[in-house]
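Data block for final.txt (compact mmCIF, C-alpha atoms):
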# COMPACT_ATOMS: atom_id res chain seq x y z
CA MET A 1 0.00 0.00 0.00
CA PRO A 2 1.34 3.47 -0.85
CA GLU A 3 2.14 5.60 2.09
CA GLU A 4 -0.25 8.39 2.95
CA GLY A 5 0.64 11.70 1.33
CA TYR A 6 1.89 10.22 -1.91
CA ASN A 7 -0.06 10.10 -5.14
CA LYS A 8 -0.15 6.85 -7.02
CA VAL A 9 1.56 7.21 -10.38
CA GLU A 10 1.29 4.52 -13.03
CA PHE A 11 3.94 4.18 -15.75
CA GLU A 12 3.11 2.78 -19.15
CA ALA A 13 5.72 1.25 -21.50
CA LYS A 14 6.11 3.07 -24.80
CA PRO A 15 5.44 1.19 -28.00
CA GLN A 16 8.51 -0.70 -29.42
CA ALA A 17 7.19 -1.27 -32.93
CA ASN A 18 10.22 0.30 -34.66
CA THR A 19 12.69 -1.83 -32.71
CA GLY A 20 10.89 -5.01 -33.60
CA CYS A 21 10.86 -4.09 -37.29
CA LEU A 22 14.61 -3.34 -37.28
CA ARG A 23 15.35 -6.67 -35.63
CA GLY A 24 13.36 -8.42 -38.30
CA ILE A 25 15.30 -6.70 -41.08
CA LEU A 26 18.64 -7.53 -39.46
CA TYR A 27 17.60 -11.14 -39.02
CA PHE A 28 16.59 -11.34 -42.68
CA LEU A 29 19.90 -9.80 -43.81
CA LEU A 30 21.83 -12.22 -41.63
CA ILE A 31 19.97 -15.21 -43.05
CA ALA A 32 20.42 -13.89 -46.61
CA SER A 33 24.15 -13.28 -46.09
CA VAL A 34 24.72 -16.71 -44.61
CA SER A 35 22.70 -18.30 -47.43
CA LEU A 36 24.69 -16.40 -50.07
CA PHE A 37 27.99 -17.38 -48.46
CA LEU A 38 26.94 -21.02 -48.27
CA ALA A 39 25.77 -20.94 -51.89
CA ILE A 40 29.06 -19.48 -53.14
CA PHE A 41 31.11 -21.80 -50.95
CA GLY A 42 29.04 -24.79 -52.04
CA TRP A 43 29.36 -23.92 -55.72
CA ASN A 44 33.12 -23.46 -55.35
CA CYS A 45 33.43 -26.90 -53.76
CA ILE A 46 31.18 -28.55 -56.37
CA ASN A 47 33.15 -26.88 -59.16
CA ASP A 48 36.40 -28.21 -57.68
CA VAL A 49 35.08 -31.76 -57.28
CA LEU A 50 33.46 -31.94 -60.74
CA SER A 51 35.79 -29.50 -62.56
CA LEU A 52 32.90 -27.71 -64.26
CA THR A 53 34.43 -24.34 -65.10
CA LYS A 54 38.05 -24.52 -63.97
CA GLN A 55 40.79 -22.93 -66.06
CA GLU A 56 42.81 -25.52 -67.95
CA LYS A 57 46.25 -26.21 -66.53
CA GLU A 58 48.60 -29.18 -66.80
CA ALA A 59 51.32 -30.27 -64.43
CA VAL A 60 53.59 -33.24 -63.90
CA ILE A 61 53.45 -34.79 -60.45
CA THR A 62 55.64 -37.55 -59.05
CA ILE A 63 54.14 -39.78 -56.36
CA PRO A 64 56.89 -41.44 -54.27
CA GLU A 65 56.74 -44.90 -52.84
CA GLU A 66 56.01 -43.50 -49.40
CA PHE A 67 53.28 -40.88 -49.66
CA THR A 68 50.22 -39.70 -47.77
CA ILE A 69 46.94 -38.41 -49.14
CA ARG A 70 47.51 -35.20 -47.20
CA GLU A 71 50.85 -34.60 -48.95
CA LEU A 72 49.39 -35.50 -52.35
CA SER A 73 46.43 -33.16 -51.82
CA ARG A 74 48.68 -30.26 -50.90
CA GLU A 75 50.91 -30.80 -53.93
CA LEU A 76 47.92 -30.91 -56.28
CA ALA A 77 46.68 -27.65 -54.77
CA ASP A 78 50.14 -26.05 -55.04
CA LEU A 79 50.29 -27.03 -58.71
CA GLY A 80 46.88 -25.46 -59.33
CA ILE A 81 45.21 -28.74 -60.33
CA ILE A 82 42.69 -28.51 -57.48
CA ASN A 83 41.54 -25.58 -55.36
CA HIS A 84 40.89 -27.28 -52.00
CA ALA A 85 43.42 -29.74 -50.60
CA TRP A 86 41.17 -30.52 -47.64
CA LEU A 87 38.25 -31.37 -49.92
CA PHE A 88 40.32 -33.68 -52.12
CA LYS A 89 41.65 -35.42 -49.00
CA LEU A 90 38.10 -35.83 -47.73
CA TYR A 91 37.08 -37.34 -51.07
CA CYS A 92 40.05 -39.71 -51.05
CA ASP A 93 39.35 -40.77 -47.47
CA PHE A 94 35.71 -41.43 -48.30
CA SER A 95 36.52 -43.37 -51.50
CA HIS A 96 39.55 -45.24 -50.03
CA ALA A 97 41.68 -43.81 -52.85
CA GLU A 98 44.97 -44.38 -51.04
CA GLU A 99 44.56 -48.11 -51.61
CA LYS A 100 44.24 -47.56 -55.38
CA ILE A 101 46.91 -44.94 -56.10
CA GLU A 102 50.23 -46.24 -57.44
CA PRO A 103 53.57 -44.42 -57.06
CA GLY A 104 54.93 -43.00 -60.29
CA GLU A 105 55.10 -39.93 -62.47
CA TYR A 106 51.92 -38.55 -64.04
CA LEU A 107 50.73 -35.70 -66.25
CA ILE A 108 47.57 -34.29 -64.64
CA SER A 109 45.11 -31.68 -65.90
CA SER A 110 42.90 -29.34 -63.88
CA THR A 111 40.03 -30.21 -66.23
CA LEU A 112 39.78 -33.66 -64.61
CA ASP A 113 37.26 -34.18 -61.82
CA TYR A 114 38.32 -35.77 -58.54
CA ASN A 115 37.31 -39.24 -59.68
CA ALA A 116 39.29 -38.93 -62.92
CA ILE A 117 42.34 -37.63 -61.05
CA VAL A 118 42.33 -40.65 -58.75
CA LYS A 119 41.87 -43.00 -61.72
CA SER A 120 44.83 -41.32 -63.45
CA PHE A 121 47.01 -42.38 -60.54
CA VAL A 122 46.05 -46.04 -60.84
CA THR A 123 47.78 -47.03 -64.08
CA VAL A 124 51.45 -46.19 -64.25
CA THR A 125 53.91 -46.68 -67.10
CA ILE A 126 57.36 -47.60 -65.87
CA ARG A 127 59.79 -45.07 -67.28
CA GLU A 128 63.49 -44.56 -66.88
CA GLU A 129 64.80 -41.36 -65.31
CA VAL A 130 67.41 -39.59 -67.44
CA TRP A 131 69.62 -36.57 -66.82
CA VAL A 132 69.96 -34.19 -69.75
CA VAL A 133 72.52 -31.42 -70.08
CA ILE A 134 71.64 -28.54 -72.42
CA PRO A 135 74.87 -26.57 -73.05
CA GLU A 136 74.88 -22.82 -73.57
CA GLY A 137 74.83 -21.69 -77.19
CA LYS A 138 72.64 -24.49 -78.55
CA THR A 139 69.97 -23.68 -81.13
CA LEU A 140 66.35 -24.70 -80.70
CA LEU A 141 66.79 -27.67 -83.03
CA GLU A 142 69.97 -28.77 -81.26
CA THR A 143 68.26 -28.53 -77.87
CA LEU A 144 65.25 -30.57 -78.96
CA THR A 145 67.53 -33.12 -80.61
CA ILE A 146 69.38 -33.56 -77.30
CA LEU A 147 66.05 -34.26 -75.57
CA ALA A 148 64.99 -36.68 -78.30
CA ASP A 149 68.33 -38.53 -78.27
CA ALA A 150 67.96 -39.00 -74.50
CA GLY A 151 64.58 -40.66 -75.06
CA VAL A 152 62.57 -37.86 -73.43
CA CYS A 153 60.26 -37.45 -76.41
CA ASP A 154 60.06 -37.89 -80.17
CA LEU A 155 61.80 -35.04 -82.03
CA GLU A 156 58.92 -34.44 -84.43
CA ARG A 157 56.42 -34.11 -81.57
CA LEU A 158 58.76 -31.74 -79.73
CA LEU A 159 59.14 -29.52 -82.81
CA GLU A 160 55.38 -29.50 -83.44
CA THR A 161 54.61 -28.66 -79.82
CA ALA A 162 57.27 -25.92 -79.69
CA ASP A 163 55.84 -24.23 -82.78
CA GLU A 164 52.12 -24.60 -82.16
CA GLU A 165 51.39 -24.78 -78.41
CA GLU A 166 50.34 -21.88 -76.20
CA PHE A 167 52.43 -21.99 -73.02
CA GLY A 168 50.94 -19.04 -71.16
CA TYR A 169 54.18 -17.30 -70.15
CA TRP A 170 54.34 -13.51 -70.05
CA PHE A 171 57.58 -13.46 -72.03
CA LEU A 172 55.98 -15.24 -75.00
CA GLU A 173 52.98 -12.92 -75.30
CA ASP A 174 54.59 -10.81 -78.06
CA VAL A 175 56.33 -13.71 -79.81
CA PRO A 176 54.25 -14.66 -82.88
CA MET A 177 53.12 -18.25 -83.40
CA ALA A 178 55.62 -19.36 -86.02
CA PRO A 179 58.27 -22.04 -86.55
CA GLY A 180 61.26 -21.44 -84.29
CA ARG A 181 59.35 -19.14 -81.91
CA LEU A 182 61.02 -20.69 -78.82
CA GLU A 183 64.54 -20.01 -80.14
CA GLY A 184 66.47 -18.49 -77.25
CA TYR A 185 63.87 -19.32 -74.58
CA LEU A 186 64.83 -22.91 -73.67
CA PHE A 187 67.27 -22.22 -70.89
CA PRO A 188 70.56 -24.17 -70.96
CA ASP A 189 71.05 -26.20 -67.78
CA SER A 190 70.96 -29.75 -66.37
CA TYR A 191 67.53 -31.35 -66.16
CA SER A 192 65.97 -34.54 -64.85
CA PHE A 193 63.37 -36.16 -67.11
CA TYR A 194 61.66 -39.48 -67.56
CA THR A 195 61.68 -41.26 -70.89
CA ASP A 196 58.57 -41.05 -73.07
CA TRP A 197 57.46 -37.79 -71.53
CA ASN A 198 54.68 -35.58 -72.79
CA PRO A 199 56.37 -33.02 -75.12
CA ARG A 200 54.50 -30.07 -73.64
CA SER A 201 55.59 -31.02 -70.13
CA ALA A 202 59.20 -31.40 -71.25
CA LEU A 203 59.22 -27.93 -72.83
CA LEU A 204 57.45 -26.42 -69.82
CA LYS A 205 60.32 -27.58 -67.64
CA LEU A 206 62.85 -25.62 -69.72
CA LEU A 207 60.55 -22.59 -69.99
CA ASP A 208 59.98 -22.61 -66.23
CA LYS A 209 63.74 -22.50 -65.77
CA PHE A 210 64.01 -19.57 -68.16
CA ASN A 211 61.22 -17.72 -66.35
CA ALA A 212 63.18 -18.04 -63.11
CA GLN A 213 66.12 -16.22 -64.72
CA ILE A 214 64.10 -13.02 -65.23
CA PRO A 215 63.42 -11.68 -61.71
CA ASN A 216 61.81 -8.32 -60.99
CA SER A 217 65.17 -6.55 -61.10
CA LYS A 218 65.64 -7.55 -64.74
CA LYS A 219 62.04 -6.64 -65.56
CA THR A 220 62.72 -3.20 -64.10
CA ARG A 221 65.86 -2.91 -66.22
CA LEU A 222 63.87 -3.84 -69.34
CA SER A 223 61.37 -1.07 -68.60
CA ASN A 224 64.22 1.47 -68.48
CA ILE A 225 65.96 0.61 -71.78
CA ASP A 226 64.94 0.79 -75.42
CA TYR A 227 65.11 -2.96 -76.04
CA SER A 228 62.47 -5.62 -75.47
CA LEU A 229 63.24 -8.94 -73.80
CA ASN A 230 63.30 -10.64 -77.21
CA GLU A 231 65.86 -8.09 -78.44
CA ILE A 232 67.96 -8.51 -75.31
CA LEU A 233 67.91 -12.28 -75.82
CA THR A 234 68.97 -11.68 -79.43
CA ILE A 235 71.93 -9.62 -78.25
CA ALA A 236 72.71 -12.25 -75.61
CA SER A 237 72.69 -15.01 -78.23
CA LEU A 238 75.19 -13.08 -80.37
CA ILE A 239 77.40 -12.55 -77.32
CA GLN A 240 77.15 -16.26 -76.40
CA MET A 241 78.26 -17.36 -79.85
CA GLU A 242 81.00 -14.76 -80.32
CA ALA A 243 82.72 -14.68 -76.92
CA ALA A 244 85.78 -16.81 -76.32
CA ASN A 245 85.11 -16.75 -72.57
CA ASP A 246 82.81 -15.17 -69.98
CA ALA A 247 85.24 -12.31 -69.31
CA GLU A 248 84.81 -11.04 -72.89
CA MET A 249 81.03 -10.96 -72.86
CA LYS A 250 80.56 -7.45 -71.46
CA ASN A 251 82.97 -5.96 -74.02
CA ILE A 252 81.21 -7.71 -76.90
CA SER A 253 77.90 -6.41 -75.54
CA THR A 254 79.43 -2.92 -75.49
CA VAL A 255 80.43 -3.21 -79.14
CA ILE A 256 76.94 -4.37 -80.14
CA TRP A 257 75.18 -1.58 -78.20
CA ASN A 258 77.54 1.07 -79.61
CA ARG A 259 77.15 -0.12 -83.20
CA LEU A 260 73.36 -0.19 -82.87
CA LYS A 261 73.45 3.33 -81.44
CA ASN A 262 75.55 4.52 -84.38
CA ASN A 263 73.37 2.69 -86.94
CA MET A 264 76.30 0.53 -88.01
CA PRO A 265 75.85 -3.04 -89.28
CA LEU A 266 76.78 -5.47 -86.53
CA GLN A 267 78.87 -7.68 -88.86
CA VAL A 268 78.71 -10.66 -86.52
CA ASP A 269 79.90 -13.89 -88.12
CA ALA A 270 77.81 -15.97 -85.72
CA THR A 271 74.73 -14.97 -87.73
CA SER A 272 76.40 -16.24 -90.92
CA VAL A 273 77.05 -19.56 -89.19
CA TYR A 274 73.40 -19.63 -88.09
CA LEU A 275 72.25 -19.04 -91.67
CA MET A 276 74.54 -21.69 -93.12
CA GLY A 277 73.96 -24.21 -90.33
CA LYS A 278 76.82 -25.31 -88.09
CA ASP A 279 77.07 -28.70 -89.79
CA ASN A 280 77.66 -26.96 -93.13
CA ILE A 281 80.59 -24.85 -91.92
CA GLN A 282 83.76 -26.63 -92.92
CA SER A 283 86.02 -23.63 -93.50
CA GLN A 284 86.22 -19.84 -93.28
CA GLU A 285 85.12 -19.74 -96.92
CA ASP A 286 81.77 -21.17 -95.83
CA VAL A 287 81.42 -18.32 -93.32
CA LEU A 288 82.07 -15.84 -96.14
CA ILE A 289 79.30 -17.48 -98.15
CA GLY A 290 76.99 -16.97 -95.19
CA ARG A 291 77.73 -13.25 -95.35
CA THR A 292 76.17 -13.11 -98.82
CA ILE A 293 72.84 -14.80 -97.99
CA ASP A 294 69.95 -12.35 -98.32
CA SER A 295 68.23 -12.74 -94.98
CA PRO A 296 67.19 -10.40 -92.15
CA TYR A 297 69.55 -12.50 -90.01
CA ASN A 298 72.49 -11.36 -92.16
CA THR A 299 74.20 -8.71 -90.04
CA PHE A 300 76.58 -7.81 -92.87
CA LEU A 301 73.83 -6.86 -95.35
CA HIS A 302 71.38 -5.37 -92.82
CA THR A 303 71.73 -2.92 -89.97
CA GLY A 304 70.00 -3.46 -86.65
CA LEU A 305 69.36 -6.69 -84.80
CA PRO A 306 68.31 -9.97 -86.40
CA PRO A 307 64.60 -10.85 -85.98
CA GLY A 308 65.29 -13.05 -82.96
CA PRO A 309 67.87 -15.05 -81.00
CA ILE A 310 70.16 -17.47 -82.80
CA CYS A 311 70.72 -19.74 -79.79
CA SER A 312 69.94 -20.11 -76.08
CA ALA A 313 72.26 -17.90 -74.06
CA GLY A 314 73.34 -18.49 -70.49
CA ASN A 315 72.92 -16.15 -67.52
CA GLN A 316 76.24 -14.36 -68.01
CA ALA A 317 75.44 -13.45 -71.60
CA ILE A 318 71.91 -12.32 -70.69
CA ASN A 319 73.21 -10.14 -67.85
CA ASP A 320 75.88 -8.54 -70.04
CA ALA A 321 73.37 -7.99 -72.84
CA MET A 322 71.31 -5.94 -70.37
CA TYR A 323 74.28 -4.12 -68.85
CA PRO A 324 76.98 -3.26 -71.42
CA GLY A 325 80.17 -1.43 -70.50
CA SER A 326 80.73 2.30 -70.85
CA GLU A 327 83.70 2.04 -73.22
CA LYS A 328 83.56 3.41 -76.79
CA TYR A 329 84.42 0.09 -78.42
CA LEU A 330 83.10 -0.33 -81.97
CA TYR A 331 85.29 -3.22 -83.19
CA TYR A 332 86.79 -6.47 -81.99
CA ALA A 333 89.01 -9.09 -83.59
CA LEU A 334 90.44 -12.47 -82.69
CA HIS A 335 93.98 -12.68 -81.35
CA VAL A 336 96.22 -15.66 -82.10
CA ASP A 337 95.70 -16.73 -78.49
CA ARG A 338 92.01 -17.28 -79.44
CA THR A 339 90.70 -14.39 -77.34
CA HIS A 340 89.45 -11.05 -78.64
CA ARG A 341 90.92 -7.55 -78.67
CA PHE A 342 88.67 -4.47 -78.67
CA PHE A 343 89.08 -1.15 -80.45
CA ASN A 344 87.48 2.30 -80.56
CA THR A 345 88.35 3.18 -84.16
CA GLU A 346 88.47 1.47 -87.53
CA LYS A 347 92.12 2.47 -87.89
CA GLU A 348 93.08 0.65 -84.69
CA PHE A 349 91.06 -2.35 -85.81
CA LEU A 350 92.69 -2.50 -89.28
CA ASN A 351 96.17 -2.08 -87.84
CA PHE A 352 95.57 -5.05 -85.58
CA ILE A 353 94.12 -7.45 -88.18
CA ASN A 354 97.06 -6.67 -90.47
CA SER A 355 99.52 -7.51 -87.72
CA LYS A 356 101.09 -10.82 -86.76
CA ASP A 357 98.99 -10.85 -83.57
CA ALA A 358 95.70 -11.32 -85.40
CA ALA A 359 94.38 -14.83 -85.86
CA PRO A 360 94.14 -15.84 -89.51
CA PHE A 361 90.63 -15.47 -90.87
Step by step, read the file and then write its structure as structure tokens.
Amino acid sequence: MPEEGYNKVEFEAKPQANTGCLRGILYFLLIASVSLFLAIFGWNCINDVLSLTKQEKEAVITIPEEFTIRELSRELADLGIINHAWLFKLYCDFSHAEEKIEPGEYLISSTLDYNAIVKSFVTVTIREEVWVVIPEGKTLLETLTILADAGVCDLERLLETADEEEFGYWFLEDVPMAPGRLEGYLFPDSYSFYTDWNPRSALLKLLDKFNAQIPNSKKTRLSNIDYSLNEILTIASLIQMEAANDAEMKNISTVIWNRLKNNMPLQVDATSVYLMGKDNIQSQEDVLIGRTIDSPYNTFLHTGLPPGPICSAGNQAINDAMYPGSEKYLYYALHVDRTHRFFNTEKEFLNFINSKDAAPF
């Protein structure tokens, strides 16, 4: 009972209609957001399992004798064949795939669904591992012949793949689809292959190695000079074929840069050898014949660079092609000791080649 002297006051709660409406909207948005997320996530998982719209990509994977599904799943994801390692592992666990998969080396495509990927790992062709050495200065044909002779792949298939396949590398974007388009891009090094390999996979291995030789520092350098990567590789290939040793490469690069700057023909005999074919060069007279062949590769008849590289250059030649010296050299000639001498003027050059120190032509 209220005490005497006080008036009884009753309080009424104010309507909360607006608050209830806002809660309803927020609840709806939450449900819609969760539903959208689940739909996108679910579609992404279904697309990975069934490979409905995945971008095509191929990779070679080697499964060792001792492997786990977890390791295999991670490698497939790292190679870009699948998107979700955990989902592939879950599928393999559910389907008991580990009992079916055989160790070996396989070419796998991202266009395969999970079931097809597992089936691809069931049948294995026993192949021999071979080590292949690609020396610096080899032409495209010589490089592919080395691979073919080692049993990696048939030469005709290698040539066809090199000329016609799209490989998806940034450095090939401006190289037209034509015979010999990979000249200069198959990096010289030692490689491990298996016999009877897929030709595309074999070429990808050499192209991957080349890609690793062009880090961001070299890309920055390319953006600051007047030559494209293809032109730098062309210069590097001339250096590789002309230099008697690595120490000479920067000076030969300097001569080439200076002659290009002065609009002088390069007059590099290596291009004559390239035109004639190394197997057809039996004497210096054959080199002189090469100088007369009407071709854009003839650096005696035409100024400027040839249309493309004439061989695969090594790292030293590529570096020196990008960074020539500051000397004024315009000429070089072979000494009797089989190394080159470098000159600023034609007079100095002629005096040397008419001396007893010059190697006979």
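Taking all atoms listed in the file, the non-local environment of Gly304 (chain A) within 12 Å (same-chain residues fewer than 5 positions away omitted) comprises Tyr227, Glu231, Thr234, Ile235, Ile256, Trp257, Asn258, Arg259, Leu260, Lys261, Asn262, Asn263, Met264, Pro265, Leu266, Gln267, Val268, Pro296, Tyr297, Asn298 and Thr299 of chain A.
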*By how many Å are CA of Asp78 (chain A) and CA of Glu129 (chain A) apart?*
23.6 Å
*asked:* Just to confirm, what's the straight-line distance from CA of Glu348 (chain A) to CA of Ala270 (chain A) in Å (one decimal)?
replied: 22.6 Å
*Rank nothing, just name the residue among A:Leu229, A:Asp279, A:Asp149, A:Arg200 nearest to Glu165 (chain A), using all atoms listed in the file.*
A:Arg200
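Near Ala358 (chain A), within 10 Å and counting only C-alpha atoms, sit A:Ala333, A:Leu334, A:His335, A:Val336, A:Asp337, A:Arg338, A:Thr339, A:His340, A:Arg341, A:Asn351, A:Phe352, A:Ile353, A:Asn354, A:Ser355, A:Phe361; same-chain residues fewer than 3 positions away were not included.
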Would you mind completing region 318-337 of chain A to N, CA, C and O atoms and writing the output as a compact mmCIF listing (two decimals), in the coordinates of the input?
# COMPACT_ATOMS: atom_id res chain seq x y z
N ILE A 318 73.14 -13.10 -70.85
CA ILE A 318 71.91 -12.32 -70.69
C ILE A 318 72.16 -11.09 -69.82
O ILE A 318 71.73 -9.98 -70.15
N ASN A 319 72.91 -11.27 -68.73
CA ASN A 319 73.21 -10.14 -67.85
C ASN A 319 74.02 -9.07 -68.58
O ASN A 319 73.74 -7.87 -68.48
N ASP A 320 75.04 -9.51 -69.34
CA ASP A 320 75.88 -8.54 -70.04
C ASP A 320 75.15 -7.89 -71.21
O ASP A 320 75.46 -6.76 -71.58
N ALA A 321 74.19 -8.60 -71.79
CA ALA A 321 73.37 -7.99 -72.84
C ALA A 321 72.53 -6.85 -72.27
O ALA A 321 72.26 -5.86 -72.96
N MET A 322 72.10 -6.99 -71.02
CA MET A 322 71.31 -5.94 -70.37
C MET A 322 72.18 -4.79 -69.85
O MET A 322 71.72 -3.64 -69.80
N TYR A 323 73.41 -5.11 -69.47
CA TYR A 323 74.28 -4.12 -68.85
C TYR A 323 75.63 -4.07 -69.57
O TYR A 323 76.61 -4.66 -69.12
N PRO A 324 75.70 -3.37 -70.71
CA PRO A 324 76.98 -3.26 -71.42
C PRO A 324 77.94 -2.34 -70.66
O PRO A 324 77.54 -1.64 -69.72
N GLY A 325 79.19 -2.33 -71.10
CA GLY A 325 80.17 -1.43 -70.50
C GLY A 325 80.01 -0.01 -71.02
O GLY A 325 79.23 0.26 -71.94
N SER A 326 80.80 0.89 -70.46
CA SER A 326 80.73 2.30 -70.85
C SER A 326 81.81 2.70 -71.85
O SER A 326 81.90 3.86 -72.25
N GLU A 327 82.63 1.74 -72.26
CA GLU A 327 83.70 2.04 -73.22
C GLU A 327 83.12 2.43 -74.58
O GLU A 327 81.95 2.21 -74.87
N LYS A 328 83.98 2.96 -75.45
CA LYS A 328 83.56 3.41 -76.79
C LYS A 328 83.86 2.37 -77.86
O LYS A 328 83.88 2.69 -79.06
N TYR A 329 84.05 1.12 -77.46
CA TYR A 329 84.42 0.09 -78.42
C TYR A 329 83.40 -0.02 -79.56
O TYR A 329 82.20 -0.05 -79.33
N LEU A 330 83.94 -0.11 -80.79
CA LEU A 330 83.10 -0.33 -81.97
C LEU A 330 83.55 -1.56 -82.76
O LEU A 330 82.84 -2.00 -83.66
N TYR A 331 84.73 -2.10 -82.42
CA TYR A 331 85.29 -3.22 -83.19
C TYR A 331 85.92 -4.23 -82.23
O TYR A 331 86.36 -3.87 -81.13
N TYR A 332 85.98 -5.47 -82.68
CA TYR A 332 86.79 -6.47 -81.99
C TYR A 332 87.29 -7.48 -83.01
O TYR A 332 86.69 -7.66 -84.08
N ALA A 333 88.41 -8.10 -82.68
CA ALA A 333 89.01 -9.09 -83.59
C ALA A 333 89.70 -10.16 -82.76
O ALA A 333 90.07 -9.93 -81.60
N LEU A 334 89.89 -11.30 -83.39
CA LEU A 334 90.44 -12.47 -82.69
C LEU A 334 91.96 -12.46 -82.70
O LEU A 334 92.60 -12.30 -83.75
N HIS A 335 92.53 -12.59 -81.52
CA HIS A 335 93.98 -12.68 -81.35
C HIS A 335 94.42 -14.13 -81.61
O HIS A 335 93.60 -15.06 -81.56
N VAL A 336 95.71 -14.31 -81.86
CA VAL A 336 96.22 -15.66 -82.10
C VAL A 336 96.06 -16.55 -80.86
O VAL A 336 96.10 -17.78 -80.97
N ASP A 337 95.90 -15.93 -79.70
CA ASP A 337 95.70 -16.73 -78.49
C ASP A 337 94.24 -17.16 -78.33
O ASP A 337 93.86 -17.73 -77.31
